[in-house]
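A.B. asks: Quick one: the structure is below, and I'll ask about it shortly.
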Amino acid sequence: MLRRRTDHPAARRPVVNSAISAAAPDTPADTSFRSSDGRRAAAWLAGLLLLAPSVVVGCRVADTDGITPVPQLLAFLPWLLLPAGAALLLALLARWRTGMIWAAAVLAVTGWFVRPYDTGLTDDPPGRVVARVTVLTSNIKFGNATEGLLATIRREKPDLVFVEECSRTCLDALASRVSPTEYPYRNVVEGDSASGSAILSKYPLRAAPGIDSRLAMPGSVAVVAGHPVNVQLAHPLPPMPGTVGDWRRELGRVRSYASGVKGEATLVAGDFNATQDHAAFRHILDAGQLRDSATLVGADRTPSWPASVRRPLGAQIDHVLVSEDFSVRSARFLDLADTDHRALLVGLELHDVR
């Protein structure tokens, strides 16, 4: 009788220890699972990064400032390129085709709107030059930068000076330390803290209504080389979360002013608390056929606030807007101590276009 041998190699069955099996390296299926989890997480993060830029850029496309936090984010539109760029990289890592297209679209549209806003007006007005006019505008933060303002006036000798947040201390200093011989014509609105404003002029000033606002926005008509020029100080409320409606309403009043003087020689200067990416600001330009001086000389993204940061950070909210009667020679942003704004000094030429 034949007996089957149990020690034959084919009859042996290995015994696998369960503890050893549990500690074995990941199988290809495990690696694939973990890789899938990583791609899924990257896709989710990409989507989250694209939400805010998409909403803000969508409002920019729709020509509206929306509601908080859109107006605040619009002031820093170029910054949105950073989260959109990071989202594109994550979408690529996740192999998420929809995310790639979404991120690329946000980047393209944001990049398009980072360009200077074009009002469609010619850069070179016709007519002979009748006067060269230098304009200084400065928000001196509750009067804190009065000394810096006085030093700048003495050094630069501008023809027109627009001062925002000129407290009573500031107004007293302008009255006592700025020569009435140099600046014999003034339009001053007294106020505490941020509510005071002043226009100083080497040219004769005629009375004008100004703009109704919480913070003073005086206006006059300057007679420059025999030509009347509307000069208006701008200082609407900032778009804080609780005051966006007031901000929009006061910028709307500036727009109405610009529309009312359309076709006349006009200069509007000050702290607009708005950038070219805000619809309310662009509507001012369009309504009055005005141009932004800094934009015309290639300084449209130079930040004026906060003063502690440099390009490409910060926002340009201080402007000198001019009608087609003016050409722009220069625009410089100046640092003053003790204020969160840079002053803006603009060199203009007034043309006889009528």
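Following the order of the structure tokens, first chain is A, next is B, and so on, with residues numbered from 1 inside each chain and ligands from 1 in the order they appear.
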Determine, counting only C-alpha atoms, which protein, DNA and RNA residues have an atom within 10 Å of an atom of Leu93 (chain A); residues of the same chain fewer than 5 positions away are not included. Present the result as a ChimeraX atom specification.

C.D. replies: /A:38-40,42-43,46,87-88,100

A.B. asks: Let me see the file: selected residues, all heavy atoms, as a PDB file, in the first residue's frame.

C.D. replies:
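Output (again_26.pdb):
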```
ATOM      1  N   GLY A  38      -4.967  62.513  -1.408  1.00  0.00           N
ATOM      2  CA  GLY A  38      -4.188  63.743  -1.544  1.00  0.00           C
ATOM      3  C   GLY A  38      -4.701  64.625  -2.661  1.00  0.00           C
ATOM      4  O   GLY A  38      -4.814  65.839  -2.506  1.00  0.00           O
ATOM      5  N   ARG A  39      -5.050  63.995  -3.786  1.00  0.00           N
ATOM      6  CA  ARG A  39      -5.581  64.776  -4.905  1.00  0.00           C
ATOM      7  C   ARG A  39      -6.931  65.388  -4.558  1.00  0.00           C
ATOM      8  O   ARG A  39      -7.232  66.530  -4.923  1.00  0.00           O
ATOM      9  CB  ARG A  39      -5.698  63.889  -6.146  1.00  0.00           C
ATOM     10  CG  ARG A  39      -4.362  63.522  -6.773  1.00  0.00           C
ATOM     11  CD  ARG A  39      -4.553  63.045  -8.203  1.00  0.00           C
ATOM     12  NE  ARG A  39      -5.383  61.858  -8.265  1.00  0.00           N
ATOM     13  CZ  ARG A  39      -4.916  60.616  -8.224  1.00  0.00           C
ATOM     14  NH1 ARG A  39      -3.615  60.410  -8.086  1.00  0.00           N
ATOM     15  NH2 ARG A  39      -5.723  59.577  -8.326  1.00  0.00           N
ATOM     16  N   ARG A  40      -7.731  64.615  -3.826  1.00  0.00           N
ATOM     17  CA  ARG A  40      -9.041  65.129  -3.423  1.00  0.00           C
ATOM     18  C   ARG A  40      -8.886  66.336  -2.495  1.00  0.00           C
ATOM     19  O   ARG A  40      -9.583  67.345  -2.637  1.00  0.00           O
ATOM     20  CB  ARG A  40      -9.840  64.024  -2.739  1.00  0.00           C
ATOM     21  CG  ARG A  40     -11.307  64.390  -2.496  1.00  0.00           C
ATOM     22  CD  ARG A  40     -12.083  63.243  -1.877  1.00  0.00           C
ATOM     23  NE  ARG A  40     -12.132  62.085  -2.762  1.00  0.00           N
ATOM     24  CZ  ARG A  40     -11.514  60.933  -2.520  1.00  0.00           C
ATOM     25  NH1 ARG A  40     -10.792  60.786  -1.423  1.00  0.00           N
ATOM     26  NH2 ARG A  40     -11.613  59.929  -3.363  1.00  0.00           N
ATOM     27  N   ALA A  42      -6.286  68.380  -2.354  1.00  0.00           N
ATOM     28  CA  ALA A  42      -5.757  69.497  -3.137  1.00  0.00           C
ATOM     29  C   ALA A  42      -6.865  70.174  -3.938  1.00  0.00           C
ATOM     30  O   ALA A  42      -6.916  71.401  -4.060  1.00  0.00           O
ATOM     31  CB  ALA A  42      -4.654  69.002  -4.065  1.00  0.00           C
ATOM     32  N   ALA A  43      -7.779  69.363  -4.488  1.00  0.00           N
ATOM     33  CA  ALA A  43      -8.890  69.924  -5.258  1.00  0.00           C
ATOM     34  C   ALA A  43      -9.813  70.755  -4.368  1.00  0.00           C
ATOM     35  O   ALA A  43     -10.248  71.850  -4.754  1.00  0.00           O
ATOM     36  CB  ALA A  43      -9.676  68.800  -5.933  1.00  0.00           C
ATOM     37  N   ALA A  46      -8.078  74.006  -3.568  1.00  0.00           N
ATOM     38  CA  ALA A  46      -8.092  74.877  -4.745  1.00  0.00           C
ATOM     39  C   ALA A  46      -9.444  75.570  -4.892  1.00  0.00           C
ATOM     40  O   ALA A  46      -9.522  76.771  -5.170  1.00  0.00           O
ATOM     41  CB  ALA A  46      -7.763  74.065  -5.999  1.00  0.00           C
ATOM     42  N   ALA A  87      -4.246  78.303  -6.397  1.00  0.00           N
ATOM     43  CA  ALA A  87      -5.321  77.371  -6.747  1.00  0.00           C
ATOM     44  C   ALA A  87      -5.017  76.648  -8.049  1.00  0.00           C
ATOM     45  O   ALA A  87      -5.308  75.448  -8.192  1.00  0.00           O
ATOM     46  CB  ALA A  87      -6.643  78.130  -6.857  1.00  0.00           C
ATOM     47  N   LEU A  88      -4.431  77.339  -9.010  1.00  0.00           N
ATOM     48  CA  LEU A  88      -4.073  76.692 -10.272  1.00  0.00           C
ATOM     49  C   LEU A  88      -3.044  75.592 -10.050  1.00  0.00           C
ATOM     50  O   LEU A  88      -3.149  74.492 -10.611  1.00  0.00           O
ATOM     51  CB  LEU A  88      -3.545  77.732 -11.262  1.00  0.00           C
ATOM     52  CG  LEU A  88      -3.085  77.186 -12.624  1.00  0.00           C
ATOM     53  CD1 LEU A  88      -4.235  76.479 -13.335  1.00  0.00           C
ATOM     54  CD2 LEU A  88      -2.533  78.318 -13.487  1.00  0.00           C
ATOM     55  N   MET A 100      -8.578  73.597 -13.062  1.00  0.00           N
ATOM     56  CA  MET A 100      -7.561  74.258 -13.881  1.00  0.00           C
ATOM     57  C   MET A 100      -8.187  75.351 -14.740  1.00  0.00           C
ATOM     58  O   MET A 100      -7.659  76.474 -14.829  1.00  0.00           O
ATOM     59  CB  MET A 100      -6.870  73.227 -14.777  1.00  0.00           C
ATOM     60  CG  MET A 100      -6.084  72.149 -14.064  1.00  0.00           C
ATOM     61  SD  MET A 100      -5.400  70.989 -15.286  1.00  0.00           S
ATOM     62  CE  MET A 100      -5.196  69.516 -14.271  1.00  0.00           C
TER      63      MET A 100
END
```

A.B. asks: Among region 2-251 of chain A, which residues does DSSP mark as alpha helix (DSSP H) when it is run on the backbone? Keep the chain and numbering as in the structure and answer as a PyMOL selection string.

C.D. replies: chain A and resi 18-22+28-61+70-74+81-94+97-114+146-156+168-177+244-251

A.B. asks: Using only C-alpha atoms, determine which residues lie at most 8 Å from region 108-110 of chain A, disregarding the query and same-chain residues fewer than 3 positions distant; provide the list as a PyMOL selection string.

C.D. replies: chain A and resi 57+77-78+80-81+104-105+113-114

A.B. asks: Which residues, written as a PyMOL selection string, have at least one atom at most 10 Å from His341 (chain A), with only C-alpha atoms counted and residues fewer than 6 positions away on the same chain left out?

C.D. replies: chain A and resi 138-141+145+271+303-308+316-318+333-335

A.B. asks: Compile the contact shell of Gly127 (chain A) as a ChimeraX atom specification: residues with an atom at most 10 Å away, counting only C-alpha atoms, same-chain residues fewer than 6 positions apart removed.

C.D. replies: /A:325,350-354

A.B. asks: Pick out the residues sitting within 9 Å of Val346 (chain A), and hand them over as a short mmCIF file (atom, residue, chain, number, x, y, z; two decimals) with C-alpha atoms, in the first residue's frame; count only C-alpha atoms, and ignore anything fewer than 4 positions along from it in its own chain.

C.D. replies:
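Saved the output as part.cif:
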```cif
data_model
loop_
_atom_site.label_atom_id
_atom_site.label_comp_id
_atom_site.auth_asym_id
_atom_site.auth_seq_id
_atom_site.Cartn_x
_atom_site.Cartn_y
_atom_site.Cartn_z
CA VAL A 133 -0.13 124.30 -12.49
CA THR A 134 1.33 122.20 -9.67
CA VAL A 135 -1.18 120.48 -7.38
CA LEU A 136 -0.56 118.89 -3.98
CA THR A 137 -3.12 116.75 -2.16
CA PRO A 158 2.60 123.97 -5.29
CA SER A 293 -3.33 112.13 -13.47
CA ALA A 294 -1.22 109.30 -12.05
CA VAL A 320 -5.95 114.16 -8.84
CA VAL A 328 -0.04 115.84 -17.12
CA ARG A 329 3.72 116.36 -16.90
CA SER A 330 4.44 114.38 -13.73
CA ALA A 331 2.97 112.65 -10.68
CA ARG A 332 4.97 111.89 -7.54
CA PHE A 333 3.90 110.22 -4.31
#
```

A.B. asks: Considering only C-alpha atoms, can you say which of A:Glu156, A:Glu264, A:Asp212, A:Glu250 comes closest to Asn230 (chain A)?

C.D. replies: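 Counting only C-alpha atoms, the residue closest to Asn230 (chain A) is A:Glu264.
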
A.B. asks: Identify which of the residues A:Asp118, A:Arg310, A:Tyr185, A:Ala151 lies closest to Thr295 (chain A), counting only C-alpha atoms when measuring atom-to-atom distances.

C.D. replies: A:Asp118

A.B. asks: To one decimal place in Å, what is the distance between CA of Asp286 (chain A) and CA of Leu121 (chain A)?

C.D. replies: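 Taking CA of Asp286 (chain A) as the start and CA of Leu121 (chain A) as the end point, the length is 9.8 Å.
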
A.B. asks: Just give me the gap between CA of Ala269 (chain A) and CA of Arg177 (chain A) in Å, one decimal is fine.

C.D. replies: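 Interatomic distance here is 23.1 Å.
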
A.B. asks: To one decimal place, how far is CA of Leu233 (chain A) from CA of Phe272 (chain A) in Å?

C.D. replies: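 Going from CA of Leu233 (chain A) over to CA of Phe272 (chain A) covers 9.3 Å.
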